[in-house]
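Below is my_file.cif, holding mmCIF, C-alpha atoms.
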```cif
data_entry
#
loop_
_atom_site.group_PDB
_atom_site.id
_atom_site.type_symbol
_atom_site.label_atom_id
_atom_site.label_comp_id
_atom_site.auth_asym_id
_atom_site.auth_seq_id
_atom_site.Cartn_x
_atom_site.Cartn_y
_atom_site.Cartn_z
ATOM 1 C CA MET A 542 4.405 -11.508 54.075
ATOM 2 C CA GLY A 543 6.620 -10.076 56.795
ATOM 3 C CA LEU A 544 10.397 -10.038 56.787
ATOM 4 C CA ASP A 545 11.960 -13.480 57.019
ATOM 5 C CA SER A 546 14.207 -14.231 59.993
ATOM 6 C CA GLN A 547 17.448 -13.987 57.983
ATOM 7 C CA SER A 548 16.648 -10.569 56.539
ATOM 8 C CA ARG A 549 15.522 -9.337 59.957
ATOM 9 C CA HIS A 550 18.791 -10.579 61.468
ATOM 10 C CA VAL A 551 20.830 -8.720 58.850
ATOM 11 C CA LEU A 552 18.961 -5.479 59.548
ATOM 12 C CA GLU A 553 19.376 -5.916 63.305
ATOM 13 C CA GLN A 554 23.085 -6.620 62.942
ATOM 14 C CA ASP A 555 23.522 -3.603 60.667
ATOM 15 C CA ALA A 556 21.808 -1.438 63.280
ATOM 16 C CA ARG A 557 24.147 -2.712 66.008
ATOM 17 C CA LEU A 558 27.260 -2.126 63.899
ATOM 18 C CA ALA A 559 26.224 1.241 62.479
ATOM 19 C CA PRO A 560 28.520 4.147 63.433
ATOM 20 C CA LYS A 561 27.144 6.406 66.165
ATOM 21 C CA GLU A 562 27.593 9.386 63.877
ATOM 22 C CA PRO A 563 26.641 8.332 60.316
ATOM 23 C CA SER A 564 28.825 9.820 57.610
ATOM 24 C CA LEU A 565 27.766 11.144 54.236
ATOM 25 C CA LEU A 566 31.318 11.098 52.904
ATOM 26 C CA PRO A 567 31.615 8.805 49.859
ATOM 27 C CA ALA A 568 34.851 7.268 51.180
ATOM 28 C CA ASP A 569 33.126 6.242 54.415
ATOM 29 C CA LEU A 570 30.067 4.923 52.586
ATOM 30 C CA ARG A 571 32.295 2.842 50.310
ATOM 31 C CA ALA A 572 34.209 1.380 53.236
ATOM 32 C CA GLN A 573 30.946 0.437 54.949
ATOM 33 C CA THR A 574 29.707 -1.218 51.743
ATOM 34 C CA ARG A 575 32.884 -3.275 51.435
ATOM 35 C CA GLU A 576 32.580 -4.434 55.060
ATOM 36 C CA ARG A 577 28.916 -5.326 54.557
ATOM 37 C CA SER A 578 29.791 -7.364 51.477
ATOM 38 C CA LYS A 579 32.442 -9.297 53.404
ATOM 39 C CA ARG A 580 30.019 -9.890 56.277
ATOM 40 C CA TYR A 581 27.090 -11.204 54.251
ATOM 41 C CA GLY A 582 28.426 -12.172 50.830
ATOM 42 C CA LEU A 583 28.905 -15.590 49.301
ATOM 43 C CA ALA A 584 32.098 -17.528 49.805
ATOM 44 C CA PRO A 585 34.089 -17.252 46.561
ATOM 45 C CA GLU A 586 33.434 -20.030 44.059
ATOM 46 C CA LYS A 587 36.381 -21.467 42.190
ATOM 47 C CA VAL A 588 36.382 -20.523 38.496
ATOM 48 C CA GLY A 589 38.657 -21.506 35.651
ATOM 49 C CA ARG A 590 40.498 -18.222 35.398
ATOM 50 C CA VAL A 591 40.300 -14.595 36.551
ATOM 51 C CA GLU A 592 41.933 -11.843 34.530
ATOM 52 C CA GLU A 593 42.040 -8.122 35.270
ATOM 53 C CA TYR A 594 42.750 -5.503 32.635
ATOM 54 C CA ALA A 595 41.750 -2.007 31.553
ATOM 55 C CA ILE A 596 39.622 -0.668 28.725
ATOM 56 C CA ALA A 597 40.108 2.866 27.470
ATOM 57 C CA GLY A 598 37.245 5.276 28.096
ATOM 58 C CA GLU A 599 36.680 8.989 27.630
ATOM 59 C CA GLY A 600 37.292 9.567 31.339
ATOM 60 C CA GLY A 601 40.365 7.322 31.524
ATOM 61 C CA ASP A 602 41.000 3.620 31.809
ATOM 62 C CA ILE A 603 38.103 1.460 33.010
ATOM 63 C CA ALA A 604 39.137 -1.524 35.115
ATOM 64 C CA VAL A 605 37.379 -4.795 34.377
ATOM 65 C CA ARG A 606 37.644 -8.249 35.894
ATOM 66 C CA ALA A 607 36.889 -11.217 33.640
ATOM 67 C CA TYR A 608 35.792 -14.453 35.295
ATOM 68 C CA GLN A 609 36.086 -17.430 32.950
ATOM 69 C CA PRO A 610 34.530 -20.836 33.598
ATOM 70 C CA ALA A 611 37.431 -22.763 32.024
ATOM 71 C CA GLU A 612 41.111 -22.120 31.474
ATOM 72 C CA THR A 613 40.790 -22.768 27.736
ATOM 73 C CA PRO A 614 38.046 -20.826 25.932
ATOM 74 C CA PRO A 615 36.008 -22.382 23.122
ATOM 75 C CA GLU A 616 37.092 -21.455 19.600
ATOM 76 C CA THR A 617 34.106 -19.143 19.165
ATOM 77 C CA GLY A 618 34.639 -17.457 22.545
ATOM 78 C CA TYR A 619 32.652 -17.689 25.738
ATOM 79 C CA PRO A 620 29.015 -16.844 26.196
ATOM 80 C CA THR A 621 29.489 -13.639 28.185
ATOM 81 C CA LEU A 622 27.666 -11.505 30.726
ATOM 82 C CA ILE A 623 28.878 -7.908 31.035
ATOM 83 C CA TYR A 624 28.023 -7.101 34.642
ATOM 84 C CA PHE A 625 27.558 -3.718 36.333
ATOM 85 C CA HIS A 626 27.569 -3.696 40.135
ATOM 86 C CA GLY A 627 24.997 -1.923 42.263
ATOM 87 C CA GLY A 628 25.610 0.763 44.843
ATOM 88 C CA GLY A 629 23.612 3.831 43.882
ATOM 89 C CA PHE A 630 26.292 5.006 41.412
ATOM 90 C CA VAL A 631 28.335 5.993 44.502
ATOM 91 C CA VAL A 632 29.501 2.808 46.255
ATOM 92 C CA GLY A 633 30.341 -0.741 45.226
ATOM 93 C CA ASP A 634 33.270 -2.080 43.246
ATOM 94 C CA LEU A 635 34.733 -5.237 41.753
ATOM 95 C CA ASP A 636 35.409 -6.711 45.190
ATOM 96 C CA THR A 637 31.964 -6.096 46.710
ATOM 97 C CA HIS A 638 30.427 -8.179 43.912
ATOM 98 C CA ASP A 639 33.200 -10.740 43.534
ATOM 99 C CA GLY A 640 31.215 -13.565 45.146
ATOM 100 C CA LEU A 641 28.135 -12.838 43.037
ATOM 101 C CA CYS A 642 30.120 -12.775 39.778
ATOM 102 C CA ARG A 643 31.997 -15.956 40.647
ATOM 103 C CA PHE A 644 28.714 -17.719 41.417
ATOM 104 C CA LEU A 645 27.187 -16.762 38.054
ATOM 105 C CA CYS A 646 30.352 -17.692 36.167
ATOM 106 C CA HIS A 647 30.765 -21.090 37.821
ATOM 107 C CA HIS A 648 27.156 -22.254 37.808
ATOM 108 C CA ALA A 649 25.971 -20.751 34.507
ATOM 109 C CA GLU A 650 29.260 -21.563 32.739
ATOM 110 C CA VAL A 651 29.534 -18.094 31.262
ATOM 111 C CA GLN A 652 32.297 -15.554 31.235
ATOM 112 C CA VAL A 653 31.415 -12.629 33.499
ATOM 113 C CA ILE A 654 33.119 -9.343 32.700
ATOM 114 C CA ALA A 655 32.602 -7.106 35.738
ATOM 115 C CA VAL A 656 32.999 -3.389 35.074
ATOM 116 C CA ASP A 657 34.492 -0.919 37.555
ATOM 117 C CA TYR A 658 32.758 2.144 36.120
ATOM 118 C CA ARG A 659 33.385 5.642 37.478
ATOM 119 C CA LEU A 660 31.497 6.574 40.630
ATOM 120 C CA ALA A 661 29.792 9.736 41.819
ATOM 121 C CA PRO A 662 30.223 12.374 43.097
ATOM 122 C CA GLU A 663 33.682 12.417 41.508
ATOM 123 C CA ALA A 664 32.114 11.534 38.150
ATOM 124 C CA ILE A 665 28.512 12.605 37.610
ATOM 125 C CA PHE A 666 25.901 11.534 35.045
ATOM 126 C CA PRO A 667 26.432 10.276 32.380
ATOM 127 C CA ALA A 668 29.894 9.010 33.388
ATOM 128 C CA ALA A 669 28.835 5.517 34.499
ATOM 129 C CA HIS A 670 26.629 5.051 31.445
ATOM 130 C CA ASP A 671 29.367 6.266 29.103
ATOM 131 C CA ASP A 672 31.868 3.850 30.650
ATOM 132 C CA ALA A 673 29.422 1.020 30.016
ATOM 133 C CA LEU A 674 29.184 1.958 26.347
ATOM 134 C CA ALA A 675 32.979 2.189 26.075
ATOM 135 C CA VAL A 676 33.306 -1.358 27.421
ATOM 136 C CA LEU A 677 30.697 -2.715 25.011
ATOM 137 C CA ASP A 678 32.355 -0.909 22.087
ATOM 138 C CA ALA A 679 35.765 -2.336 22.983
ATOM 139 C CA ILE A 680 34.375 -5.870 23.204
ATOM 140 C CA THR A 681 32.484 -5.662 19.918
ATOM 141 C CA MET A 682 35.509 -4.238 18.118
ATOM 142 C CA ALA A 683 37.814 -7.007 19.346
ATOM 143 C CA PRO A 684 35.755 -10.001 20.524
ATOM 144 C CA VAL A 685 38.644 -12.430 20.023
ATOM 145 C CA ASP A 686 40.874 -10.402 22.340
ATOM 146 C CA HIS A 687 38.165 -10.520 25.017
ATOM 147 C CA GLN A 688 37.302 -14.177 24.266
ATOM 148 C CA VAL A 689 33.654 -13.261 23.706
ATOM 149 C CA ASP A 690 31.095 -14.926 21.453
ATOM 150 C CA LEU A 691 29.117 -11.888 20.255
ATOM 151 C CA SER A 692 26.113 -14.058 19.402
ATOM 152 C CA ARG A 693 25.811 -14.944 23.094
ATOM 153 C CA LEU A 694 26.418 -11.599 24.784
ATOM 154 C CA ILE A 695 24.248 -10.440 27.698
ATOM 155 C CA VAL A 696 24.296 -7.287 29.825
ATOM 156 C CA GLY A 697 23.205 -7.209 33.432
ATOM 157 C CA GLY A 698 23.477 -5.688 36.854
ATOM 158 C CA ASP A 699 21.870 -5.186 40.238
ATOM 159 C CA SER A 700 20.208 -1.991 41.495
ATOM 160 C CA ALA A 701 22.050 0.956 39.870
ATOM 161 C CA GLY A 702 23.882 -1.590 37.736
ATOM 162 C CA GLY A 703 20.518 -2.715 36.382
ATOM 163 C CA ASN A 704 19.844 0.886 35.374
ATOM 164 C CA ILE A 705 23.149 0.963 33.483
ATOM 165 C CA ALA A 706 22.402 -2.378 31.809
ATOM 166 C CA VAL A 707 18.969 -1.285 30.535
ATOM 167 C CA THR A 708 20.310 1.997 29.215
ATOM 168 C CA LEU A 709 23.182 0.206 27.476
ATOM 169 C CA ALA A 710 20.817 -2.341 25.935
ATOM 170 C CA HIS A 711 18.594 0.466 24.664
ATOM 171 C CA ARG A 712 21.573 2.339 23.190
ATOM 172 C CA SER A 713 22.528 -0.886 21.407
ATOM 173 C CA ILE A 714 19.251 -1.280 19.509
ATOM 174 C CA GLY A 715 19.896 -1.237 15.789
ATOM 175 C CA ARG A 716 23.660 -1.718 15.978
ATOM 176 C CA ASP A 717 25.182 -3.645 13.093
ATOM 177 C CA ASP A 718 28.011 -5.190 15.111
ATOM 178 C CA VAL A 719 26.089 -6.832 17.946
ATOM 179 C CA MET A 720 22.618 -7.985 18.904
ATOM 180 C CA LEU A 721 22.386 -8.646 22.623
ATOM 181 C CA ALA A 722 21.075 -12.054 23.660
ATOM 182 C CA GLY A 723 19.546 -10.796 26.898
ATOM 183 C CA GLN A 724 19.548 -8.467 29.882
ATOM 184 C CA LEU A 725 19.724 -9.633 33.502
ATOM 185 C CA LEU A 726 18.154 -7.149 35.922
ATOM 186 C CA LEU A 727 18.345 -7.802 39.662
ATOM 187 C CA TYR A 728 16.123 -5.381 41.638
ATOM 188 C CA PRO A 729 16.993 -2.568 39.196
ATOM 189 C CA TRP A 730 16.890 1.112 40.163
ATOM 190 C CA LEU A 731 15.177 2.443 37.068
ATOM 191 C CA LYS A 732 13.867 5.792 38.293
ATOM 192 C CA LEU A 733 16.279 8.163 40.053
ATOM 193 C CA SER A 734 13.587 10.215 41.728
ATOM 194 C CA PRO A 735 13.141 9.190 45.385
ATOM 195 C CA ALA A 736 9.614 10.605 45.507
ATOM 196 C CA PRO A 737 7.177 8.245 47.301
ATOM 197 C CA ASP A 738 5.220 7.764 44.070
ATOM 198 C CA SER A 739 4.526 4.028 44.353
ATOM 199 C CA PRO A 740 3.084 1.712 47.015
ATOM 200 C CA SER A 741 6.451 -0.017 47.509
ATOM 201 C CA LYS A 742 8.227 3.291 48.103
ATOM 202 C CA ARG A 743 5.565 4.367 50.568
ATOM 203 C CA HIS A 744 5.420 1.053 52.422
ATOM 204 C CA PHE A 745 9.101 0.061 52.397
ATOM 205 C CA GLY A 746 10.917 3.403 52.115
ATOM 206 C CA GLU A 747 12.173 3.271 55.707
ATOM 207 C CA ARG A 748 13.883 0.680 57.925
ATOM 208 C CA ASN A 749 14.253 -1.962 55.209
ATOM 209 C CA GLY A 750 17.926 -1.628 54.327
ATOM 210 C CA LEU A 751 17.350 0.957 51.600
ATOM 211 C CA ASP A 752 15.423 4.103 52.436
ATOM 212 C CA LEU A 753 14.210 7.036 50.386
ATOM 213 C CA ALA A 754 16.685 9.366 52.087
ATOM 214 C CA SER A 755 19.569 7.231 50.792
ATOM 215 C CA LEU A 756 18.049 7.132 47.316
ATOM 216 C CA ASN A 757 17.822 10.919 47.386
ATOM 217 C CA GLN A 758 21.435 11.210 48.523
ATOM 218 C CA PHE A 759 22.714 8.917 45.780
ATOM 219 C CA ALA A 760 20.576 10.527 43.080
ATOM 220 C CA LEU A 761 21.860 13.988 44.054
ATOM 221 C CA MET A 762 25.449 12.784 43.905
ATOM 222 C CA TYR A 763 25.096 11.148 40.500
ATOM 223 C CA ASP A 764 22.850 13.718 38.808
ATOM 224 C CA PRO A 765 23.047 17.009 40.746
ATOM 225 C CA ARG A 766 21.359 18.756 37.814
ATOM 226 C CA LEU A 767 18.154 16.977 38.915
ATOM 227 C CA ASN A 768 17.316 15.843 35.408
ATOM 228 C CA TRP A 769 15.918 12.678 36.950
ATOM 229 C CA GLU A 770 13.191 12.093 34.372
ATOM 230 C CA ASN A 771 15.675 11.942 31.510
ATOM 231 C CA PRO A 772 15.269 8.399 30.099
ATOM 232 C CA LYS A 773 19.052 8.198 29.696
ATOM 233 C CA ALA A 774 19.366 8.455 33.482
ATOM 234 C CA SER A 775 16.039 6.869 34.419
ATOM 235 C CA PRO A 776 15.192 4.166 31.851
ATOM 236 C CA PHE A 777 11.820 3.684 33.529
ATOM 237 C CA PHE A 778 10.755 6.669 31.403
ATOM 238 C CA LEU A 779 11.770 5.143 28.059
ATOM 239 C CA SER A 780 8.694 5.474 25.879
ATOM 240 C CA ASP A 781 9.532 2.665 23.452
ATOM 241 C CA LEU A 782 11.077 -0.579 24.653
ATOM 242 C CA TRP A 783 10.784 -2.420 21.351
ATOM 243 C CA GLY A 784 14.112 -3.925 20.375
ATOM 244 C CA LEU A 785 15.323 -4.644 23.889
ATOM 245 C CA PRO A 786 16.522 -8.240 24.332
ATOM 246 C CA PRO A 787 14.851 -11.030 26.302
ATOM 247 C CA SER A 788 14.995 -10.172 29.979
ATOM 248 C CA PHE A 789 15.238 -11.613 33.465
ATOM 249 C CA VAL A 790 13.763 -9.202 36.021
ATOM 250 C CA ALA A 791 14.000 -9.856 39.761
ATOM 251 C CA SER A 792 12.027 -7.798 42.263
ATOM 252 C CA ILE A 793 12.037 -7.910 46.061
ATOM 253 C CA GLU A 794 8.994 -7.660 48.299
ATOM 254 C CA HIS A 795 10.404 -5.369 51.017
ATOM 255 C CA ASP A 796 12.185 -3.046 48.597
ATOM 256 C CA PRO A 797 11.135 0.513 47.733
ATOM 257 C CA LEU A 798 12.188 -0.263 44.139
ATOM 258 C CA CYS A 799 9.900 -3.302 43.842
ATOM 259 C CA ASP A 800 7.064 -1.631 41.952
ATOM 260 C CA GLU A 801 9.160 0.101 39.309
ATOM 261 C CA ALA A 802 10.941 -3.162 38.490
ATOM 262 C CA GLU A 803 7.631 -4.981 38.139
ATOM 263 C CA VAL A 804 5.987 -2.240 36.066
ATOM 264 C CA PHE A 805 9.017 -2.301 33.773
ATOM 265 C CA ALA A 806 8.791 -6.087 33.407
ATOM 266 C CA MET A 807 5.102 -5.761 32.549
ATOM 267 C CA ARG A 808 5.841 -3.098 29.929
ATOM 268 C CA LEU A 809 8.482 -5.316 28.355
ATOM 269 C CA ALA A 810 5.963 -8.143 28.078
ATOM 270 C CA GLN A 811 3.304 -5.819 26.663
ATOM 271 C CA GLN A 812 5.712 -4.818 23.892
ATOM 272 C CA GLY A 813 6.331 -8.427 22.923
ATOM 273 C CA ILE A 814 9.686 -8.925 24.636
ATOM 274 C CA GLY A 815 10.294 -12.241 26.345
ATOM 275 C CA VAL A 816 10.421 -11.700 30.118
ATOM 276 C CA THR A 817 11.140 -13.984 33.040
ATOM 277 C CA TRP A 818 9.988 -12.173 36.177
ATOM 278 C CA ARG A 819 10.457 -13.349 39.743
ATOM 279 C CA ARG A 820 9.502 -11.675 43.037
ATOM 280 C CA TYR A 821 11.445 -12.754 46.137
ATOM 281 C CA LEU A 822 9.301 -12.626 49.253
ATOM 282 C CA GLY A 823 10.181 -11.640 52.787
ATOM 283 C CA THR A 824 13.526 -10.097 51.967
ATOM 284 C CA ILE A 825 15.265 -6.793 51.314
ATOM 285 C CA HIS A 826 17.172 -4.820 48.701
ATOM 286 C CA SER A 827 20.646 -6.105 47.788
ATOM 287 C CA CYS A 828 19.861 -9.632 48.967
ATOM 288 C CA ALA A 829 21.838 -11.098 46.033
ATOM 289 C CA VAL A 830 25.005 -9.431 47.335
ATOM 290 C CA MET A 831 24.146 -10.833 50.784
ATOM 291 C CA ALA A 832 23.401 -14.343 49.552
ATOM 292 C CA GLY A 833 25.831 -15.783 52.083
ATOM 293 C CA ALA A 834 23.422 -14.728 54.838
ATOM 294 C CA ILE A 835 20.038 -14.532 53.078
ATOM 295 C CA ASP A 836 18.723 -17.646 51.326
ATOM 296 C CA GLN A 837 16.348 -15.644 49.130
ATOM 297 C CA GLY A 838 19.388 -13.922 47.619
ATOM 298 C CA ARG A 839 20.909 -17.278 46.744
ATOM 299 C CA TYR A 840 17.603 -18.465 45.280
ATOM 300 C CA MET A 841 17.604 -15.345 43.105
ATOM 301 C CA LEU A 842 21.094 -16.136 41.829
ATOM 302 C CA GLU A 843 20.122 -19.753 41.181
ATOM 303 C CA ASP A 844 17.163 -18.564 39.115
ATOM 304 C CA ALA A 845 19.471 -16.159 37.275
ATOM 305 C CA VAL A 846 21.807 -19.048 36.505
ATOM 306 C CA GLN A 847 18.986 -21.099 34.972
ATOM 307 C CA TRP A 848 17.893 -18.124 32.872
ATOM 308 C CA LEU A 849 21.466 -17.441 31.725
ATOM 309 C CA ARG A 850 21.866 -21.058 30.675
ATOM 310 C CA GLY A 851 18.718 -20.866 28.596
ATOM 311 C CA ALA A 852 19.642 -17.528 27.089
ATOM 312 C CA CYS A 853 23.149 -18.301 25.913
ATOM 313 C CA HIS A 854 23.800 -22.066 25.783
#
```
If you convert what's in this file into structure tokens, what do you get?
Amino acid sequence: MGLDSQSRHVLEQDARLAPKEPSLLPADLRAQTRERSKRYGLAPEKVGRVEEYAIAGEGGDIAVRAYQPAETPPETGYPTLIYFHGGGFVVGDLDTHDGLCRFLCHHAEVQVIAVDYRLAPEAIFPAAHDDALAVLDAITMAPVDHQVDLSRLIVGGDSAGGNIAVTLAHRSIGRDDVMLAGQLLLYPWLKLSPAPDSPSKRHFGERNGLDLASLNQFALMYDPRLNWENPKASPFFLSDLWGLPPSFVASIEHDPLCDEAEVFAMRLAQQGIGVTWRRYLGTIHSCAVMAGAIDQGRYMLEDAVQWLRGACH
């Protein structure tokens, strides 16, 4: 189907507000992303408690923001989603995804630990992925301190954050200290290469909110060595998915990344992993972050909430 009226309106408004001379500077791109999140994001849901703290990583302290559904945690700790924001490894932060994380926390009744991993080009591959592992290690070593029930621990993210979540889940296979209960993948960017090597990239790689030129720019910033087929950077190329946890995979019709998300979901199912897959029609990449303006983004988050409830309650 064609673009729905809400998604078309967002694209038209973005075009009107776009700077006359687009900038490639990361600082400018980040500022634009923050403004876009404020313009289209969800109104903040009330949660029981929000706590910010830092976790030590090889590249320095990693800021996290923990959203808790109640002021008093259960004795065993909260069911918890470790969440990695999208933004092409270059933009996005705790604030751009605040509304999304609050929504999941409040409606799914889970703790959401949002991770402010290092961004490119200041920190290149594998910095973001290493920060994710450092956060998981810290939580598994001291679950009581983080108020986490390790038997109900899920990783997730949108776009580039979905990439980080899959890679982290794969690195966790066989660990003695934790067995993940699931992975939540919202329109994940699983293959860094921007080559038009799929129908969705060819059909939706321009004028749909995320274009192949932007993918190329972000991929070059995060992995300038161009090792884009390394499964550690592009989990689409993982040869063996056995051992990954049950998964929720959301794809978007008018998204150049649609096909790779759906192929990945199919491969998970073929290898015997429980998969809930949903395609959201008529809308564009990052709709979950724009769920205040795009109903399909809210529907996606509502479906994610139902899956989270089934996975960890």
The PyMOL selection byres ((chain A and resi 793) around 7) applied to the shown file, residues as a ChimeraX atom specification: /A:728,791-792,794-796,799,820-822,824-826
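Interatomic distance, CA of Ala845 (chain A) to CA of Asp738 (chain A): 28.7 Å.
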Output as CSV one row per residue of region 786-842 of chain A within 10 Å of region 701-722 of chain A: the closest atom pair and its distance in Å to one decimal place, counting all atoms listed in the file, sorted by chain and residue number ascending.
```
residue,atom,partner,partner_atom,distance
A:Pro786,CA,A:Ala722,CA,6.0
A:Pro787,CA,A:Ala722,CA,6.8
A:Ser788,CA,A:Ala722,CA,9.0
A:Val790,CA,A:Gly703,CA,9.4
A:Ala802,CA,A:Gly703,CA,9.8
```
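Proximity ranking of A:Pro585, A:Pro776, A:Gly543, A:Pro610 relative to Ala832 (chain A) places A:Pro585 first, based on all atoms listed in the file.
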Selected by the PyMOL selection byres ((chain A and resi 621) around 7) in the shown coordinates: which residues, as a CSV table (one decimal) with C-alpha atoms, in the coordinates of the input?
```csv
chain,number,residue,atom,x,y,z
A,619,TYR,CA,32.7,-17.7,25.7
A,620,PRO,CA,29.0,-16.8,26.2
A,622,LEU,CA,27.7,-11.5,30.7
A,623,ILE,CA,28.9,-7.9,31.0
A,651,VAL,CA,29.5,-18.1,31.3
A,652,GLN,CA,32.3,-15.6,31.2
A,653,VAL,CA,31.4,-12.6,33.5
A,689,VAL,CA,33.7,-13.3,23.7
A,693,ARG,CA,25.8,-14.9,23.1
A,694,LEU,CA,26.4,-11.6,24.8
A,695,ILE,CA,24.2,-10.4,27.7
```
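Taking CA of Ser564 (chain A) as the reference point, CA of Val632 (chain A) is found at 13.4 Å.
For the atom pair formed by CA of Trp783 (chain A) and CA of Cys646 (chain A), the distance is 28.9 Å, given to one decimal.
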The PyMOL selection byres ((chain A and resi 804-809) around 10) resolved against shown file, as number ranges by chain: A: 726, 729, 731, 776-792, 799-803, 810-819
What would the file look like if the residues just selected were written as an mmCIF file, in the frame of the given file with C-alpha atoms?
```cif
data_model
loop_
_atom_site.group_PDB
_atom_site.id
_atom_site.type_symbol
_atom_site.label_atom_id
_atom_site.label_comp_id
_atom_site.auth_asym_id
_atom_site.auth_seq_id
_atom_site.Cartn_x
_atom_site.Cartn_y
_atom_site.Cartn_z
ATOM 1 C CA LEU A 726 18.154 -7.149 35.922
ATOM 2 C CA PRO A 729 16.993 -2.568 39.196
ATOM 3 C CA LEU A 731 15.177 2.443 37.068
ATOM 4 C CA PRO A 776 15.192 4.166 31.851
ATOM 5 C CA PHE A 777 11.820 3.684 33.529
ATOM 6 C CA PHE A 778 10.755 6.669 31.403
ATOM 7 C CA LEU A 779 11.770 5.143 28.059
ATOM 8 C CA SER A 780 8.694 5.474 25.879
ATOM 9 C CA ASP A 781 9.532 2.665 23.452
ATOM 10 C CA LEU A 782 11.077 -0.579 24.653
ATOM 11 C CA TRP A 783 10.784 -2.420 21.351
ATOM 12 C CA GLY A 784 14.112 -3.925 20.375
ATOM 13 C CA LEU A 785 15.323 -4.644 23.889
ATOM 14 C CA PRO A 786 16.522 -8.240 24.332
ATOM 15 C CA PRO A 787 14.851 -11.030 26.302
ATOM 16 C CA SER A 788 14.995 -10.172 29.979
ATOM 17 C CA PHE A 789 15.238 -11.613 33.465
ATOM 18 C CA VAL A 790 13.763 -9.202 36.021
ATOM 19 C CA ALA A 791 14.000 -9.856 39.761
ATOM 20 C CA SER A 792 12.027 -7.798 42.263
ATOM 21 C CA CYS A 799 9.900 -3.302 43.842
ATOM 22 C CA ASP A 800 7.064 -1.631 41.952
ATOM 23 C CA GLU A 801 9.160 0.101 39.309
ATOM 24 C CA ALA A 802 10.941 -3.162 38.490
ATOM 25 C CA GLU A 803 7.631 -4.981 38.139
ATOM 26 C CA ALA A 810 5.963 -8.143 28.078
ATOM 27 C CA GLN A 811 3.304 -5.819 26.663
ATOM 28 C CA GLN A 812 5.712 -4.818 23.892
ATOM 29 C CA GLY A 813 6.331 -8.427 22.923
ATOM 30 C CA ILE A 814 9.686 -8.925 24.636
ATOM 31 C CA GLY A 815 10.294 -12.241 26.345
ATOM 32 C CA VAL A 816 10.421 -11.700 30.118
ATOM 33 C CA THR A 817 11.140 -13.984 33.040
ATOM 34 C CA TRP A 818 9.988 -12.173 36.177
ATOM 35 C CA ARG A 819 10.457 -13.349 39.743
#
```
Got a sec: who's within 12 Å of Ala611 (chain A), counting only C-alpha atoms, leaving out chain neighbours fewer than 2 positions off, as a ChimeraX atom specification? /A:587-591,607-609,613-615,618-620,646-653,688
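In terms of minimum interatomic distance to Gln758 (chain A), A:Val631 ranks closest within A:Ala834, A:Leu544, A:Leu552, A:Val631, counting all atoms listed in the file.
When the distance limit is 8 Å and all atoms listed in the file are what count, the residues near Tyr594 (chain A), minus those fewer than 6 positions from it on the same chain, are Ala604, Val605 and Arg606 of chain A.
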Can I get region 755-763 of chain A with N, CA, C and O atoms filled in, as an mmCIF file, in the coordinates of the input?
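File written: result_13.cif
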```cif
data_model
loop_
_atom_site.group_PDB
_atom_site.id
_atom_site.type_symbol
_atom_site.label_atom_id
_atom_site.label_comp_id
_atom_site.auth_asym_id
_atom_site.auth_seq_id
_atom_site.Cartn_x
_atom_site.Cartn_y
_atom_site.Cartn_z
ATOM 1 N N SER A 755 18.344 7.691 51.464
ATOM 2 C CA SER A 755 19.569 7.231 50.792
ATOM 3 C C SER A 755 19.439 7.343 49.284
ATOM 4 O O SER A 755 20.393 7.742 48.589
ATOM 5 N N LEU A 756 18.268 6.978 48.753
ATOM 6 C CA LEU A 756 18.049 7.132 47.316
ATOM 7 C C LEU A 756 18.228 8.589 46.896
ATOM 8 O O LEU A 756 18.848 8.879 45.866
ATOM 9 N N ASN A 757 17.691 9.496 47.689
ATOM 10 C CA ASN A 757 17.822 10.919 47.386
ATOM 11 C C ASN A 757 19.291 11.346 47.412
ATOM 12 O O ASN A 757 19.758 12.077 46.529
ATOM 13 N N GLN A 758 20.017 10.878 48.406
ATOM 14 C CA GLN A 758 21.435 11.210 48.523
ATOM 15 C C GLN A 758 22.216 10.717 47.307
ATOM 16 O O GLN A 758 23.015 11.456 46.720
ATOM 17 N N PHE A 759 21.989 9.469 46.921
ATOM 18 C CA PHE A 759 22.714 8.917 45.780
ATOM 19 C C PHE A 759 22.324 9.602 44.473
ATOM 20 O O PHE A 759 23.179 9.878 43.623
ATOM 21 N N ALA A 760 21.031 9.860 44.296
ATOM 22 C CA ALA A 760 20.576 10.527 43.080
ATOM 23 C C ALA A 760 21.186 11.921 42.962
ATOM 24 O O ALA A 760 21.599 12.344 41.867
ATOM 25 N N LEU A 761 21.255 12.652 44.075
ATOM 26 C CA LEU A 761 21.860 13.988 44.054
ATOM 27 C C LEU A 761 23.341 13.929 43.719
ATOM 28 O O LEU A 761 23.862 14.804 43.023
ATOM 29 N N MET A 762 24.020 12.912 44.201
ATOM 30 C CA MET A 762 25.449 12.784 43.905
ATOM 31 C C MET A 762 25.683 12.462 42.434
ATOM 32 O O MET A 762 26.599 13.001 41.815
ATOM 33 N N TYR A 763 24.854 11.561 41.884
ATOM 34 C CA TYR A 763 25.096 11.148 40.500
ATOM 35 C C TYR A 763 24.571 12.159 39.498
ATOM 36 O O TYR A 763 25.202 12.414 38.471
#
```
